[in-house]
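Here is the structure we will look at, set down as structure tokens.
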Amino acid sequence: MTQQTHPDALVHLTAAGVSLVLDCTEGRLPAVVHWGAALGRLSTEDLAALVVSGLEPVVSNAVDEPIRLAVLPEPHAGWSGKPGISGHRDGHDWSPRFTTTSIDVVGEAHEDGRLVDAGPAAVVVEAADPTAQLAVRLTIELLPSGLVRTRAAVTNTGPGSYTVDDVTVALPTPTRAREVLDFAGRWGKERTPQRSDLVVGIHEREGRKGRTGADAATVLSVGVPGFGFAHGEVWGVHTAWSGNHRHFAERLFNGKQVVGGGELLLPGEVRLGTGETYQGPWVYGAYADGLDAQARRFHTHLRSRPQHPTSDRPMTINVWEAVYFDHDLDRLTDLADRAARLGVERFVLDDGWFRHRRNDFAGLGDWFVDEGVWPDGLTPLVDHVRAAGMQFGLWFEPEMVNEDSDLARAHPEWIMQADGRLPIRSRHQQVLNLAIPEAYEHVLDRMTAIIDEYRIDYVKWDHNRDLVEAGHRGGGAAVHEQTLAAYRLMAALKDRFPGFEIESCSSGGGRVDLGVIEHTDRVWVSDCIDPLERQQMNRWTMQLLPAELLGSHIASGVNHTTGRWHDLSFRAGTALFGHLGIEWDLSKASAAEERDLAEWIALYKEARPLLHGGDLVRVDQVDETLNVYGVVAPDRGEAMFFLASLGSPEASVRGRVTFRDLDPDTRYRVDPVLIGTGADGVRAPQWWSGERVFTGRVLTTVGLEAPATSAERVVPFRLTAV
């Protein structure tokens with residue numbers, strides 16, 4: 001890898017089947033000429049021709065030259081959509097015009113220095129507007145996974161204060177991309193897909209909750225109409241930020257269209273003094289042919305990070321739905337013994353262990369072990385769990401406080417608020433202002449003390465309310481500072497305790513993004529672990545995160561969120577494709593359920609290298625009552641697929657199902673996995689009684705007759721090359 005400075009350049013970056021061509025000529029901010037399928041090796045002349053080929057004709061009632069769309073869109077260039085920078089200096093300098101001062105290209109340079117044809121590479125552009133007295137640093141990277149990511153930093157180079165209202169980066173999409181897919185959701189039903197047409201105007205998803213939100217867009221994609229898991233070009237965008245944020249797709253009257261995102265800043269939240277800089281979050285762009293290929297780009301990137309979990313994801317039990325706030329040593333040690341006998345590897349004590357926390361009305365912020373409940377501290381339970389061969393995890397909600405707490409009574413000024421009044425309560429709690437150094441240090445010290453004393457391996461980090469009127473007491477809005485402080489707190493604990501792991505939980509799946517995942521080791525997909533609901537939520541959370549980062553637990557028979565009853569085979573079969581755990585009072589499990597559960601856990605341990613390291617496959621289906629999905633090993637030597645019946649089909653038999661992305665010339669043995677009651681309600685097709693060996697081409701193209709199953713059943717299949 002080399003670094004070269006180019007005063008004026010056309011740049012071609014390519015990796016993993018993606019090309020990104022940037023026009024950085026004539027001192028202007030970089031504009032994307034092409035973002036999409038790889039173009040092969042292009043000469044300087046080829047690149048220049050490519051630029052010219054995209055210049056539109058000048059039409060009536062439009063600006064008098066072709067509109068130039070920079071990655072940081074500029075109104076002065078004729079762009080009438082969402083601008084890259086919105087801000088002002090007391091009403092002035094609201095429409096900057098930047099001139100490039102340097103272009104640094106990191107990668108392998110070729111030919112005359114004007115062409116860069118490289119794998120992982122970055123372009124860093126410095127630009128300034130001496131009139132507005134602003135400078136900008138724009139970073140554009142093409143990652144080895146084929147993901148593009150970009151961010152902008154704005155510096156006030158003049159006297160006085162400059163108010164930043166918005167910094168937005170945007171990537172163009174072709175006019176054939178006219179269908180939008182993003183996600184909605186709510187507590188207990190996160191990441192619900194929704195599709196719409198991309199029409200003239202803006203499809204903008206704002207997150208104003210002070211956290212990512214259960215209803216976050218997550219990955220906003222536009223694609224050719226009808227795109228699916230296997231095929232159809234898609235261009236997606238994800239804003240890697242856990243505070244207020246936005247994603248958008250915009251189509252103008254002239255046919256130009258973009259996807260983009262950035263942080264959503266509250267009024268007056270960022271005011272830059274002389275020499276101060278605001279840096280926006282990374283915004284990721286994901287081009288692919290099909291949603292599975294797009295998801296794999298995210299997964300490949302995440303798995304390549306040095307901090308990505310590489311140890312086997314431990315089989316976990318969380319005791320919340322078993323005991324809630326009723327903490328009793330004998331009951332919990334019995335639960336630990338039962339879990340250990342089944343093969344559980346991590347035991348997590350949830351909410352209720354600290355002072356005054358006998359319900360959810362009091363105690364948040366008082367991070368001392370409750371002496372009334374735990375007269376000998378947590379040591380007896382921790383020692384018992386460790387003696388049984390398990391790790392010990394503990395629940396915290398570091399960013400929150402109850403008004404009925406010693407902390408709030410001692411420091412009411414640490415509670416986030418607006419104009420001196422407390423915000424409306426949510427779950428009976430308020431938000432602790434971690435942007436106040438003393439509040440931050442207090443939480444860091446208390447968490448450090450508990451983690452150190454009990455050698456905590458893992459923290460379930462919760463965040464159970466939106467940030468409403470979240471500001472400094474007597475001051476301005478502070479969601480931006482709060483988000484950065486939460487990141488710093490996580491990073492500080494990771495630095496102090498090597499190997500220590502954090503789960504991002506936020507009323508379930510309310511903080512799932514690539515900002516928080518830089519500091520955490522998994523996310524809690526949802527507080528709802530009803531397998532029928534989790535079939536959808538796990539399926540679509542994987543559009544961003546791979547299975548090993550998704551907390552996926554086996555519920556009790558009657559679900560605590562929905563009230564539905566499900567057979568163990570459906571609960572376990574659904575939870576298996578994730579970071580598996582249990583959330584169940586095992587003292588109420590029958591001997592048969594314990595036997596079956598142990599077998600599911602053994603299957604998880606055997607299959608987790610494949611489940612947590614393979615390529616995601618979701619098979620497009622016409623039948624909405626059927627999910628077929630799974631994972632294929634990178635070398636295509638093995639695979640595991642799941643056939644999930646979500647309801648009763650309209651026909652008495654479902655017909656053939658295909659298993660995609662196998663090696664076409666390899667022969668695979670296909671073995672159904674039926675554990676305990678998993679065989680109940682399943683009628684086998686004839687091929688189950690034969691040798692069950694088929695070529696990958698047959699399995700992908702023709703498929704196999706599906707078993708007839710009752711509703712709400714999962715049948716896993718192991719595929720092994722022979």
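Ligands are numbered from 1 in the order shown, chains are lettered A, B, ... in the order of the structure tokens, and residues start at 1 in each chain.
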Worksheet item: Which of stretch 284-389 of chain A counts as helix (DSSP H, G or I) under DSSP, as a ChimeraX atom specification please?
Response: /A:291-304,320-323,329-342,379-387
Worksheet item: Leaving out A:Pro159 and any residue of its chain fewer than 4 positions from it, which residues lie within 12 Å of it when counting only C-alpha atoms, given as a ChimeraX atom specification?
Response: /A:89-90,132-134,155,272-276
May I have the residues from that selection written out with N, CA and C atoms, as an mmCIF file, in the first residue's frame?
```
data_model
loop_
_atom_site.group_PDB
_atom_site.id
_atom_site.type_symbol
_atom_site.label_atom_id
_atom_site.label_comp_id
_atom_site.auth_asym_id
_atom_site.auth_seq_id
_atom_site.Cartn_x
_atom_site.Cartn_y
_atom_site.Cartn_z
ATOM 1 N N ARG A 89 -23.222 31.191 10.498
ATOM 2 C CA ARG A 89 -22.494 32.003 11.460
ATOM 3 C C ARG A 89 -23.346 33.246 11.712
ATOM 4 N N ASP A 90 -24.254 33.098 12.669
ATOM 5 C CA ASP A 90 -25.195 34.181 12.981
ATOM 6 C C ASP A 90 -25.945 34.620 11.726
ATOM 7 N N ALA A 132 -16.442 31.677 3.702
ATOM 8 C CA ALA A 132 -17.229 31.200 4.843
ATOM 9 C C ALA A 132 -16.356 30.874 6.047
ATOM 10 N N GLN A 133 -15.039 30.800 5.823
ATOM 11 C CA GLN A 133 -14.077 30.455 6.869
ATOM 12 C C GLN A 133 -14.410 29.096 7.497
ATOM 13 N N LEU A 134 -14.535 28.146 6.583
ATOM 14 C CA LEU A 134 -14.781 26.757 6.956
ATOM 15 C C LEU A 134 -13.809 25.863 6.213
ATOM 16 N N THR A 155 -14.603 22.058 10.088
ATOM 17 C CA THR A 155 -13.838 22.865 11.033
ATOM 18 C C THR A 155 -14.142 24.348 10.818
ATOM 19 N N LEU A 272 -19.364 25.433 16.853
ATOM 20 C CA LEU A 272 -17.918 25.317 16.760
ATOM 21 C C LEU A 272 -17.255 26.659 17.037
ATOM 22 N N GLY A 273 -16.375 26.674 18.035
ATOM 23 C CA GLY A 273 -15.521 27.825 18.229
ATOM 24 C C GLY A 273 -14.378 27.797 17.228
ATOM 25 N N THR A 274 -13.595 28.820 17.220
ATOM 26 C CA THR A 274 -12.475 28.898 16.280
ATOM 27 C C THR A 274 -11.554 27.689 16.452
ATOM 28 N N GLY A 275 -11.303 27.002 15.343
ATOM 29 C CA GLY A 275 -10.429 25.835 15.359
ATOM 30 C C GLY A 275 -11.096 24.544 15.775
ATOM 31 N N GLU A 276 -12.360 24.584 16.177
ATOM 32 C CA GLU A 276 -13.046 23.361 16.607
ATOM 33 C C GLU A 276 -13.637 22.627 15.406
#
```
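Atom CA of A:Ser102 is found 19.5 Å from atom CA of A:Leu20.
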Mind running stretch 319-367 of chain A against stretch 449-452 of chain A at 12 Å and telling me each contacting residue's nearest atom pair with the distance in Å (one decimal), counting only C-alpha atoms, chain and number ascending, as JSON lines?
```
{"residue": "A:Trp353", "atom": "CA", "partner": "A:Ile450", "partner_atom": "CA", "distance": 11.4}
{"residue": "A:Phe354", "atom": "CA", "partner": "A:Ile450", "partner_atom": "CA", "distance": 10.5}
{"residue": "A:Asp366", "atom": "CA", "partner": "A:Ile450", "partner_atom": "CA", "distance": 11.7}
{"residue": "A:Trp367", "atom": "CA", "partner": "A:Ile450", "partner_atom": "CA", "distance": 8.0}
```
Item to complete: Could you give me the residues within stretch 173-297 of chain A that DSSP places in strand (DSSP E), as a ChimeraX atom specification?
Response: /A:179-186,189-197,201-207,220-223,233-239,245-251,257-263,270-272,277-279,283-289
Practice prompt. Counting only C-alpha atoms, figure out which residue out of A:Gln417, A:Gln194, A:Gln543, A:Thr561 gets nearest to A:Asp292.
Written response: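 Checking each candidate against A:Asp292, we get A:Gln543 as the closest.
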Worksheet item: Using only C-alpha atoms, which residues sit within 7 Å of stretch 177-184 of chain A once same-chain residues fewer than 2 positions away are excluded, as a ChimeraX atom specification?
Response: /A:173-175,191-198,215-225
Those same residues - N, CA and C atoms - I'd like them written as a PDB file, in the first residue's frame.
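File part37.pdb, as written:
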```pdb
ATOM      1  N   THR A 173     -27.436   6.788  -6.938  1.00  0.00           N
ATOM      2  CA  THR A 173     -27.908   5.495  -7.421  1.00  0.00           C
ATOM      3  C   THR A 173     -28.483   5.681  -8.820  1.00  0.00           C
ATOM      4  N   PRO A 174     -28.445   4.642  -9.650  1.00  0.00           N
ATOM      5  CA  PRO A 174     -28.972   4.773 -11.011  1.00  0.00           C
ATOM      6  C   PRO A 174     -30.492   4.837 -11.024  1.00  0.00           C
ATOM      7  N   THR A 175     -31.025   5.343 -12.102  1.00  0.00           N
ATOM      8  CA  THR A 175     -32.476   5.547 -12.186  1.00  0.00           C
ATOM      9  C   THR A 175     -33.251   4.241 -12.248  1.00  0.00           C
ATOM     10  N   ARG A 191     -37.387  -4.558  13.558  1.00  0.00           N
ATOM     11  CA  ARG A 191     -36.948  -4.778  12.180  1.00  0.00           C
ATOM     12  C   ARG A 191     -37.995  -5.504  11.324  1.00  0.00           C
ATOM     13  N   THR A 192     -39.106  -4.804  11.157  1.00  0.00           N
ATOM     14  CA  THR A 192     -40.181  -5.248  10.279  1.00  0.00           C
ATOM     15  C   THR A 192     -39.951  -4.645   8.903  1.00  0.00           C
ATOM     16  N   PRO A 193     -39.772  -5.461   7.863  1.00  0.00           N
ATOM     17  CA  PRO A 193     -39.466  -4.902   6.542  1.00  0.00           C
ATOM     18  C   PRO A 193     -40.658  -4.179   5.942  1.00  0.00           C
ATOM     19  N   GLN A 194     -40.350  -3.114   5.212  1.00  0.00           N
ATOM     20  CA  GLN A 194     -41.394  -2.384   4.501  1.00  0.00           C
ATOM     21  C   GLN A 194     -40.823  -1.901   3.166  1.00  0.00           C
ATOM     22  N   ARG A 195     -41.640  -2.031   2.121  1.00  0.00           N
ATOM     23  CA  ARG A 195     -41.224  -1.647   0.773  1.00  0.00           C
ATOM     24  C   ARG A 195     -42.130  -0.546   0.246  1.00  0.00           C
ATOM     25  N   SER A 196     -41.551   0.289  -0.601  1.00  0.00           N
ATOM     26  CA  SER A 196     -42.317   1.352  -1.237  1.00  0.00           C
ATOM     27  C   SER A 196     -41.618   1.749  -2.522  1.00  0.00           C
ATOM     28  N   ASP A 197     -42.323   2.484  -3.369  1.00  0.00           N
ATOM     29  CA  ASP A 197     -41.718   3.013  -4.585  1.00  0.00           C
ATOM     30  C   ASP A 197     -40.891   4.245  -4.248  1.00  0.00           C
ATOM     31  N   LEU A 198     -39.791   4.406  -4.962  1.00  0.00           N
ATOM     32  CA  LEU A 198     -39.019   5.639  -4.867  1.00  0.00           C
ATOM     33  C   LEU A 198     -39.591   6.617  -5.882  1.00  0.00           C
ATOM     34  N   ASP A 215     -37.549   1.068  15.823  1.00  0.00           N
ATOM     35  CA  ASP A 215     -38.158   1.360  14.530  1.00  0.00           C
ATOM     36  C   ASP A 215     -37.143   1.924  13.539  1.00  0.00           C
ATOM     37  N   ALA A 216     -35.860   1.737  13.791  1.00  0.00           N
ATOM     38  CA  ALA A 216     -34.827   2.319  12.933  1.00  0.00           C
ATOM     39  C   ALA A 216     -34.861   1.712  11.533  1.00  0.00           C
ATOM     40  N   ALA A 217     -34.465   2.521  10.548  1.00  0.00           N
ATOM     41  CA  ALA A 217     -34.382   2.035   9.166  1.00  0.00           C
ATOM     42  C   ALA A 217     -33.351   0.931   9.038  1.00  0.00           C
ATOM     43  N   THR A 218     -32.309   0.947   9.852  1.00  0.00           N
ATOM     44  CA  THR A 218     -31.228  -0.044   9.929  1.00  0.00           C
ATOM     45  C   THR A 218     -30.386  -0.049   8.653  1.00  0.00           C
ATOM     46  N   VAL A 219     -30.890  -0.645   7.589  1.00  0.00           N
ATOM     47  CA  VAL A 219     -30.257  -0.548   6.270  1.00  0.00           C
ATOM     48  C   VAL A 219     -31.346  -0.091   5.305  1.00  0.00           C
ATOM     49  N   LEU A 220     -31.174   1.104   4.760  1.00  0.00           N
ATOM     50  CA  LEU A 220     -32.141   1.626   3.791  1.00  0.00           C
ATOM     51  C   LEU A 220     -31.584   1.344   2.400  1.00  0.00           C
ATOM     52  N   SER A 221     -32.306   0.559   1.616  1.00  0.00           N
ATOM     53  CA  SER A 221     -31.838   0.150   0.295  1.00  0.00           C
ATOM     54  C   SER A 221     -32.808   0.602  -0.775  1.00  0.00           C
ATOM     55  N   VAL A 222     -32.267   0.941  -1.924  1.00  0.00           N
ATOM     56  CA  VAL A 222     -33.072   1.102  -3.125  1.00  0.00           C
ATOM     57  C   VAL A 222     -32.523   0.128  -4.156  1.00  0.00           C
ATOM     58  N   GLY A 223     -33.415  -0.440  -4.946  1.00  0.00           N
ATOM     59  CA  GLY A 223     -32.971  -1.437  -5.910  1.00  0.00           C
ATOM     60  C   GLY A 223     -33.896  -1.526  -7.100  1.00  0.00           C
ATOM     61  N   VAL A 224     -33.516  -2.391  -8.010  1.00  0.00           N
ATOM     62  CA  VAL A 224     -34.361  -2.618  -9.174  1.00  0.00           C
ATOM     63  C   VAL A 224     -35.653  -3.252  -8.681  1.00  0.00           C
ATOM     64  N   PRO A 225     -36.783  -2.890  -9.225  1.00  0.00           N
ATOM     65  CA  PRO A 225     -38.052  -3.404  -8.704  1.00  0.00           C
ATOM     66  C   PRO A 225     -38.081  -4.932  -8.641  1.00  0.00           C
TER      67      PRO A 225
END
```
Worksheet item: Do you have the atom CA of A:Met416-atom CA of A:Leu467 distance handy?
Response: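 Computing the Euclidean distance for atom CA of A:Met416 and atom CA of A:Leu467 yields 8.5 Å.
Candidate residues A:Thr709, A:His299, A:Arg683, A:Leu291 were compared for distance to A:Gly226, and the nearest is A:Leu291, using only C-alpha atoms.
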Report as a PDB file with C-alpha atoms, in the first residue's frame all protein, DNA and RNA residues lying within 7 Å of A:Arg660, evaluated on only C-alpha atoms, omitting residues in the same chain fewer than 3 positions from it.
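Writing the result to part-v4.pdb gives the following:
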```pdb
ATOM      1  CA  VAL A 617     -28.487 -17.768   2.613  1.00  0.00           C
ATOM      2  CA  VAL A 619     -34.181 -18.548  -0.064  1.00  0.00           C
ATOM      3  CA  THR A 700     -29.896 -25.302  -6.054  1.00  0.00           C
TER       4      THR A 700
END
```
Which residues of stretch 204-282 of chain A come within 12 Å of stretch 506-512 of chain A, and for each one, what is the closest pair of atoms and their distance in Å to one decimal, counting only C-alpha atoms, sorted by chain and residue number, as a tab-separated table?
```
residue	atom	partner	partner_atom	distance
A:Gly207	CA	A:Gly510	CA	11.1
A:Lys209	CA	A:Gly510	CA	9.6
A:Gly210	CA	A:Arg511	CA	9.9
A:Arg211	CA	A:Arg511	CA	6.1
A:Thr212	CA	A:Arg511	CA	4.8
A:Gly213	CA	A:Gly510	CA	4.3
A:Ala214	CA	A:Gly510	CA	4.4
A:Asp215	CA	A:Gly510	CA	7.8
A:Ala216	CA	A:Gly510	CA	8.1
A:Ala217	CA	A:Val512	CA	10.6
A:Thr218	CA	A:Val512	CA	7.8
A:Val219	CA	A:Val512	CA	10.8
A:His238	CA	A:Val512	CA	11.1
A:Thr239	CA	A:Val512	CA	10.9
A:Ala240	CA	A:Val512	CA	9.4
A:Trp241	CA	A:Val512	CA	9.3
A:Ser242	CA	A:Arg511	CA	6.4
A:Gly243	CA	A:Arg511	CA	8.9
A:Asn244	CA	A:Arg511	CA	11.3
```
Export of prior selection with all heavy atoms as a compact mmCIF listing (two decimals), in the first residue's frame:
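Saved as part-v6.txt:
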```txt
# COMPACT_ATOMS: atom_id res chain seq x y z
N GLY A 207 -34.37 9.27 13.22
CA GLY A 207 -34.39 8.67 14.54
C GLY A 207 -34.13 9.75 15.58
O GLY A 207 -33.01 10.26 15.67
N LYS A 209 -34.80 9.39 18.98
CA LYS A 209 -34.99 8.76 20.27
C LYS A 209 -33.75 8.82 21.16
O LYS A 209 -33.78 8.33 22.29
CB LYS A 209 -35.39 7.29 20.07
CG LYS A 209 -36.69 7.11 19.30
CD LYS A 209 -36.97 5.62 19.05
CE LYS A 209 -38.26 5.42 18.26
NZ LYS A 209 -39.44 5.83 19.02
N GLY A 210 -32.66 9.39 20.66
CA GLY A 210 -31.42 9.40 21.43
C GLY A 210 -30.74 8.05 21.47
O GLY A 210 -29.72 7.87 22.15
N ARG A 211 -31.28 7.10 20.78
CA ARG A 211 -30.70 5.77 20.58
C ARG A 211 -31.14 5.31 19.21
O ARG A 211 -31.96 5.96 18.55
CB ARG A 211 -31.16 4.80 21.67
CG ARG A 211 -32.68 4.69 21.83
CD ARG A 211 -33.07 3.65 22.87
NE ARG A 211 -34.49 3.66 23.17
CZ ARG A 211 -35.09 2.72 23.90
NH1 ARG A 211 -34.39 1.71 24.41
NH2 ARG A 211 -36.39 2.79 24.15
N THR A 212 -30.64 4.19 18.76
CA THR A 212 -30.95 3.76 17.40
C THR A 212 -32.44 3.57 17.19
O THR A 212 -33.01 4.03 16.19
CB THR A 212 -30.20 2.44 17.08
OG1 THR A 212 -28.93 2.44 17.73
CG2 THR A 212 -30.02 2.28 15.59
N GLY A 213 -33.10 2.89 18.12
CA GLY A 213 -34.55 2.74 18.08
C GLY A 213 -35.00 1.41 17.51
O GLY A 213 -34.41 0.87 16.57
N ALA A 214 -36.07 0.88 18.09
CA ALA A 214 -36.66 -0.36 17.58
C ALA A 214 -37.25 -0.18 16.19
O ALA A 214 -37.45 -1.14 15.46
CB ALA A 214 -37.75 -0.85 18.54
N ASP A 215 -37.55 1.07 15.82
CA ASP A 215 -38.16 1.36 14.53
C ASP A 215 -37.14 1.92 13.54
O ASP A 215 -37.52 2.53 12.53
CB ASP A 215 -39.30 2.35 14.69
CG ASP A 215 -38.86 3.67 15.31
OD1 ASP A 215 -37.75 3.72 15.88
OD2 ASP A 215 -39.62 4.65 15.22
N ALA A 216 -35.86 1.74 13.79
CA ALA A 216 -34.83 2.32 12.93
C ALA A 216 -34.86 1.71 11.53
O ALA A 216 -35.20 0.54 11.35
CB ALA A 216 -33.45 2.10 13.54
N ALA A 217 -34.46 2.52 10.55
CA ALA A 217 -34.38 2.04 9.17
C ALA A 217 -33.35 0.93 9.04
O ALA A 217 -33.46 0.05 8.18
CB ALA A 217 -34.03 3.18 8.22
N THR A 218 -32.31 0.95 9.85
CA THR A 218 -31.23 -0.04 9.93
C THR A 218 -30.39 -0.05 8.65
O THR A 218 -29.27 0.43 8.65
CB THR A 218 -31.75 -1.44 10.26
OG1 THR A 218 -32.59 -1.37 11.42
CG2 THR A 218 -30.60 -2.41 10.54
N VAL A 219 -30.89 -0.65 7.59
CA VAL A 219 -30.26 -0.55 6.27
C VAL A 219 -31.35 -0.09 5.30
O VAL A 219 -32.33 -0.80 5.10
CB VAL A 219 -29.67 -1.89 5.79
CG1 VAL A 219 -29.01 -1.71 4.42
CG2 VAL A 219 -28.65 -2.43 6.79
N HIS A 238 -26.24 2.69 5.55
CA HIS A 238 -26.41 2.51 7.00
C HIS A 238 -25.59 3.58 7.71
O HIS A 238 -24.39 3.76 7.44
CB HIS A 238 -25.92 1.14 7.45
CG HIS A 238 -25.81 1.00 8.95
ND1 HIS A 238 -26.91 0.79 9.74
CD2 HIS A 238 -24.75 1.10 9.80
CE1 HIS A 238 -26.53 0.74 11.02
NE2 HIS A 238 -25.23 0.93 11.08
N THR A 239 -26.23 4.29 8.63
CA THR A 239 -25.55 5.29 9.44
C THR A 239 -25.09 4.65 10.75
O THR A 239 -25.91 4.19 11.54
CB THR A 239 -26.49 6.48 9.74
OG1 THR A 239 -26.90 7.07 8.50
CG2 THR A 239 -25.78 7.54 10.57
N ALA A 240 -23.78 4.61 10.94
CA ALA A 240 -23.20 3.91 12.08
C ALA A 240 -23.14 4.84 13.29
O ALA A 240 -22.08 5.33 13.68
CB ALA A 240 -21.81 3.39 11.71
N TRP A 241 -24.28 5.03 13.90
CA TRP A 241 -24.39 5.98 15.01
C TRP A 241 -25.53 5.55 15.91
O TRP A 241 -26.59 5.16 15.43
CB TRP A 241 -24.63 7.39 14.47
CG TRP A 241 -24.68 8.47 15.48
CD1 TRP A 241 -25.77 9.21 15.84
CD2 TRP A 241 -23.58 8.96 16.28
NE1 TRP A 241 -25.42 10.14 16.80
CE2 TRP A 241 -24.08 10.01 17.09
CE3 TRP A 241 -22.23 8.62 16.37
CZ2 TRP A 241 -23.27 10.70 17.99
CZ3 TRP A 241 -21.43 9.31 17.27
CH2 TRP A 241 -21.95 10.34 18.06
N SER A 242 -25.32 5.63 17.22
CA SER A 242 -26.29 5.13 18.19
C SER A 242 -27.14 6.23 18.82
O SER A 242 -27.94 5.95 19.72
CB SER A 242 -25.56 4.37 19.30
OG SER A 242 -24.72 3.39 18.76
N GLY A 243 -26.97 7.48 18.36
CA GLY A 243 -27.81 8.56 18.85
C GLY A 243 -28.83 8.95 17.79
O GLY A 243 -29.25 8.14 16.96
N ASN A 244 -29.23 10.20 17.78
CA ASN A 244 -30.16 10.68 16.76
C ASN A 244 -29.49 10.60 15.39
O ASN A 244 -28.31 10.93 15.24
CB ASN A 244 -30.56 12.13 17.05
CG ASN A 244 -31.41 12.25 18.30
OD1 ASN A 244 -32.03 11.30 18.75
ND2 ASN A 244 -31.42 13.44 18.89
```
Fill in: For atom CA of A:Arg654 and atom CA of A:Pro707, the interatomic separation in Å (one decimal)
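Between atom CA of A:Arg654 and atom CA of A:Pro707 the gap works out to 7.9 Å.
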Worksheet item: Can you list, as a list of chain:residue names, every protein, DNA or RNA residue that comes within 10 Å of A:Asp530 when you count only C-alpha atoms, leaving out same-chain residues fewer than 3 positions away?
Response: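 Those residues are A:Gly188, A:Ser526, A:Asp527, A:Glu533, A:Arg534, A:Gln535, A:His553, A:Ile554, A:Ala555, A:Ser556, A:Gly557, A:Val558, A:Asn559, A:His560, A:Thr561, A:Thr562, A:Gly563, A:Arg564, A:Trp565, A:His566, A:Phe570, A:Arg571, A:Thr574, A:Ala575.
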Exercise: stretch 81-83 of chain A partners within 10 Å, only C-alpha atoms, chain neighbours under 5 positions left out, as a short mmCIF file (atom, residue, chain, number, x, y, z; two decimals) with C-alpha atoms, in the first residue's frame:
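So around27.cif came out as:
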```cif
data_model
loop_
_atom_site.label_atom_id
_atom_site.label_comp_id
_atom_site.auth_asym_id
_atom_site.auth_seq_id
_atom_site.Cartn_x
_atom_site.Cartn_y
_atom_site.Cartn_z
CA LEU A 69 -23.39 15.97 -7.22
CA ALA A 70 -20.55 15.75 -4.70
CA LEU A 72 -21.02 16.22 0.30
CA PRO A 73 -23.77 17.74 -1.89
CA GLU A 74 -23.42 21.46 -2.64
CA PRO A 75 -26.23 23.85 -3.65
CA HIS A 76 -23.82 26.13 -5.53
CA SER A 95 -23.97 28.07 1.65
CA ASP A 166 -26.61 19.09 9.67
CA VAL A 167 -23.79 17.24 7.90
CA THR A 168 -25.03 14.72 5.35
CA VAL A 169 -23.12 12.51 2.94
CA ALA A 170 -24.83 11.02 -0.11
CA GLY A 201 -39.30 13.66 -3.32
CA ILE A 202 -37.49 12.36 -0.27
CA PHE A 248 -32.76 8.83 3.31
CA GLU A 250 -34.10 11.12 -2.56
CA ARG A 251 -35.19 11.46 -6.17
CA LEU A 252 -35.28 14.89 -7.79
CA PHE A 253 -37.47 16.26 -10.58
CA LYS A 256 -31.07 12.31 -10.11
CA GLN A 257 -31.30 10.17 -7.02
CA VAL A 258 -29.21 9.41 -3.97
CA GLY A 260 -27.41 8.99 2.28
#
```
Practice prompt. For stretch 639-644 of chain A, list every protein, DNA or RNA residue within 7 Å, evaluated using only C-alpha atoms, and leave out those in the same chain fewer than 3 positions away; present the list as a PyMOL selection string.
Written response: chain A and resi 626-633+713-720
Worksheet item: With only C-alpha atoms as the basis for distance, which of A:Ile675, A:Leu434, A:Val106, A:Ala492 is at the shortest distance from A:Leu143?
Response: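 Of all the options, A:Val106 lies closest to A:Leu143.
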